[in-house]
Amino acid sequence: MPSTFEILLDKPIYYKNDTIPENTNLLKVPHFAYHIDIETINHCEKKESYITFYTDISEFIDFEGTIYDVTFTCLTNDGRNLSADTTLQIKQ
């Protein structure tokens with residue numbers, strides 16, 4: 001359910017002269033979310049969602065560091081909370 005998706009970073013990022021603090025759901029930041037597309041595809045009884053970050057987003061973001069811990073969470077249709085963590089290395 002895309003409305004329950006969250007993407008959180010462990011460090012702040014700077015977007016068009018605004019600071020987005022760490023652990024802010026990036027999908028709820030209007031100007032940031034403008035550069036992201038979420039597509040959900042139904043396959044019989046299951047759904048798959050794909051999150052696309054447009055390449056032009058890097059023109060507007062100034063990263064504090066080069067390595068971020070990223071957390072993605074969402075709720076499933078049956079109310080379960082899914083969470084995944086990964087490390088993201090930013091190359092500028």
# chains A, B, ... in the order shown; residues from 1 in each chain; ligands from 1
>>> residues_around(residues="A:Glu39", least_positions_apart="5", cutoff="7 Å", atoms="only C-alpha atoms", output="PyMOL selection string")
chain A and resi 49-51
>>> write_last_selection(atoms="N, CA and C atoms", output="compact mmCIF listing (two decimals), in the first residue's frame")
# COMPACT_ATOMS: atom_id res chain seq x y z
N SER A 49 5.25 -3.18 -5.97
CA SER A 49 5.42 -1.74 -6.11
C SER A 49 6.88 -1.44 -6.45
N TYR A 50 7.06 -0.46 -7.30
CA TYR A 50 8.38 -0.04 -7.73
C TYR A 50 8.53 1.45 -7.44
N ILE A 51 9.63 1.82 -6.80
CA ILE A 51 9.91 3.22 -6.49
C ILE A 51 11.03 3.68 -7.41
>>> residues_around(residues="A:Ile7", least_positions_apart="5", cutoff="12 Å", atoms="only C-alpha atoms", output="ChimeraX atom specification")
/A:2,22-29,32-33,36,51,53,68-74,83-86
>>> write_last_selection(atoms="N, CA and C atoms", output="PDB file, in the first residue's frame")
ATOM      1  N   PRO A   2       1.070   1.858  -1.145  1.00  0.00           N
ATOM      2  CA  PRO A   2       2.000   2.988  -1.267  1.00  0.00           C
ATOM      3  C   PRO A   2       1.761   4.113  -0.264  1.00  0.00           C
ATOM      4  N   GLU A  22      17.343  14.088   9.613  1.00  0.00           N
ATOM      5  CA  GLU A  22      17.424  12.634   9.578  1.00  0.00           C
ATOM      6  C   GLU A  22      16.107  12.044  10.085  1.00  0.00           C
ATOM      7  N   ASN A  23      15.818  10.829   9.633  1.00  0.00           N
ATOM      8  CA  ASN A  23      14.617  10.075  10.023  1.00  0.00           C
ATOM      9  C   ASN A  23      13.308  10.752   9.631  1.00  0.00           C
ATOM     10  N   THR A  24      13.357  11.594   8.588  1.00  0.00           N
ATOM     11  CA  THR A  24      12.147  12.178   8.012  1.00  0.00           C
ATOM     12  C   THR A  24      11.707  11.293   6.851  1.00  0.00           C
ATOM     13  N   ASN A  25      10.408  11.012   6.778  1.00  0.00           N
ATOM     14  CA  ASN A  25       9.905  10.226   5.655  1.00  0.00           C
ATOM     15  C   ASN A  25      10.017  11.068   4.382  1.00  0.00           C
ATOM     16  N   LEU A  26      10.955  10.726   3.519  1.00  0.00           N
ATOM     17  CA  LEU A  26      11.200  11.505   2.304  1.00  0.00           C
ATOM     18  C   LEU A  26       9.996  11.529   1.372  1.00  0.00           C
ATOM     19  N   LEU A  27       9.152  10.522   1.446  1.00  0.00           N
ATOM     20  CA  LEU A  27       7.979  10.473   0.576  1.00  0.00           C
ATOM     21  C   LEU A  27       6.903  11.465   0.995  1.00  0.00           C
ATOM     22  N   LYS A  28       7.037  12.055   2.176  1.00  0.00           N
ATOM     23  CA  LYS A  28       6.069  13.042   2.663  1.00  0.00           C
ATOM     24  C   LYS A  28       6.579  14.475   2.506  1.00  0.00           C
ATOM     25  N   VAL A  29       7.778  14.639   1.990  1.00  0.00           N
ATOM     26  CA  VAL A  29       8.334  15.973   1.739  1.00  0.00           C
ATOM     27  C   VAL A  29       7.917  16.352   0.314  1.00  0.00           C
ATOM     28  N   PHE A  32      10.471  17.028  -2.542  1.00  0.00           N
ATOM     29  CA  PHE A  32      11.298  15.842  -2.747  1.00  0.00           C
ATOM     30  C   PHE A  32      10.479  14.752  -3.438  1.00  0.00           C
ATOM     31  N   ALA A  33       9.272  14.533  -2.955  1.00  0.00           N
ATOM     32  CA  ALA A  33       8.403  13.485  -3.496  1.00  0.00           C
ATOM     33  C   ALA A  33       8.053  13.733  -4.964  1.00  0.00           C
ATOM     34  N   ILE A  36       9.946  11.544  -7.335  1.00  0.00           N
ATOM     35  CA  ILE A  36       9.835  10.105  -7.089  1.00  0.00           C
ATOM     36  C   ILE A  36       8.516   9.608  -7.662  1.00  0.00           C
ATOM     37  N   ILE A  51       9.630   1.822  -6.804  1.00  0.00           N
ATOM     38  CA  ILE A  51       9.906   3.220  -6.494  1.00  0.00           C
ATOM     39  C   ILE A  51      11.033   3.676  -7.412  1.00  0.00           C
ATOM     40  N   PHE A  53      13.463   6.883  -8.495  1.00  0.00           N
ATOM     41  CA  PHE A  53      14.003   8.210  -8.203  1.00  0.00           C
ATOM     42  C   PHE A  53      14.517   8.770  -9.523  1.00  0.00           C
ATOM     43  N   TYR A  68      24.868   6.557   3.678  1.00  0.00           N
ATOM     44  CA  TYR A  68      23.642   6.693   4.464  1.00  0.00           C
ATOM     45  C   TYR A  68      23.102   5.315   4.805  1.00  0.00           C
ATOM     46  N   ASP A  69      22.552   5.194   6.008  1.00  0.00           N
ATOM     47  CA  ASP A  69      21.747   4.027   6.341  1.00  0.00           C
ATOM     48  C   ASP A  69      20.314   4.382   5.983  1.00  0.00           C
ATOM     49  N   VAL A  70      19.693   3.542   5.166  1.00  0.00           N
ATOM     50  CA  VAL A  70      18.345   3.793   4.667  1.00  0.00           C
ATOM     51  C   VAL A  70      17.411   2.739   5.248  1.00  0.00           C
ATOM     52  N   THR A  71      16.245   3.190   5.718  1.00  0.00           N
ATOM     53  CA  THR A  71      15.216   2.283   6.203  1.00  0.00           C
ATOM     54  C   THR A  71      13.961   2.474   5.359  1.00  0.00           C
ATOM     55  N   PHE A  72      13.426   1.386   4.873  1.00  0.00           N
ATOM     56  CA  PHE A  72      12.163   1.395   4.142  1.00  0.00           C
ATOM     57  C   PHE A  72      11.154   0.606   4.957  1.00  0.00           C
ATOM     58  N   THR A  73       9.968   1.182   5.183  1.00  0.00           N
ATOM     59  CA  THR A  73       8.909   0.466   5.884  1.00  0.00           C
ATOM     60  C   THR A  73       7.598   0.640   5.126  1.00  0.00           C
ATOM     61  N   CYS A  74       6.697  -0.318   5.332  1.00  0.00           N
ATOM     62  CA  CYS A  74       5.354  -0.222   4.773  1.00  0.00           C
ATOM     63  C   CYS A  74       4.436  -1.188   5.511  1.00  0.00           C
ATOM     64  N   SER A  83       9.793  -4.043   7.138  1.00  0.00           N
ATOM     65  CA  SER A  83      10.886  -3.090   7.247  1.00  0.00           C
ATOM     66  C   SER A  83      12.147  -3.699   6.648  1.00  0.00           C
ATOM     67  N   ALA A  84      12.920  -2.874   5.956  1.00  0.00           N
ATOM     68  CA  ALA A  84      14.192  -3.321   5.388  1.00  0.00           C
ATOM     69  C   ALA A  84      15.203  -2.194   5.549  1.00  0.00           C
ATOM     70  N   ASP A  85      16.427  -2.571   5.879  1.00  0.00           N
ATOM     71  CA  ASP A  85      17.520  -1.613   6.037  1.00  0.00           C
ATOM     72  C   ASP A  85      18.609  -1.928   5.028  1.00  0.00           C
ATOM     73  N   THR A  86      19.240  -0.887   4.518  1.00  0.00           N
ATOM     74  CA  THR A  86      20.367  -1.064   3.619  1.00  0.00           C
ATOM     75  C   THR A  86      21.290   0.143   3.750  1.00  0.00           C
TER      76      THR A  86
END
>>> residues_around(residues="A:Leu75", least_positions_apart="4", cutoff="9 Å", atoms="only C-alpha atoms", output="PyMOL selection string")
chain A and resi 1-5+79-83
>>> select_by_dssp(residues="chain A", states="helix (DSSP H, G or I)", output="NGL selection string")
:A and (2-4 or 26-28 or 30-33 or 55-59)
>>> atom_distance(atom1="atom CA of A:Asp62", atom2="atom CA of A:Tyr14")
4.9 Å
>>> atom_distance(atom1="atom CA of A:Thr52", atom2="atom CA of A:Ile38")
6.4 Å
>>> residues_around(residues="A:Pro12", least_positions_apart="5", cutoff="7 Å", atoms="only C-alpha atoms", output="PyMOL selection string")
chain A and resi 19-22+64
>>> select_by_dssp(residues="chain A", states="strand (DSSP E)", output="PyMOL selection string")
chain A and resi 6-9+13-15+18-20+36-43+46-53+61-63+67-75+81-89
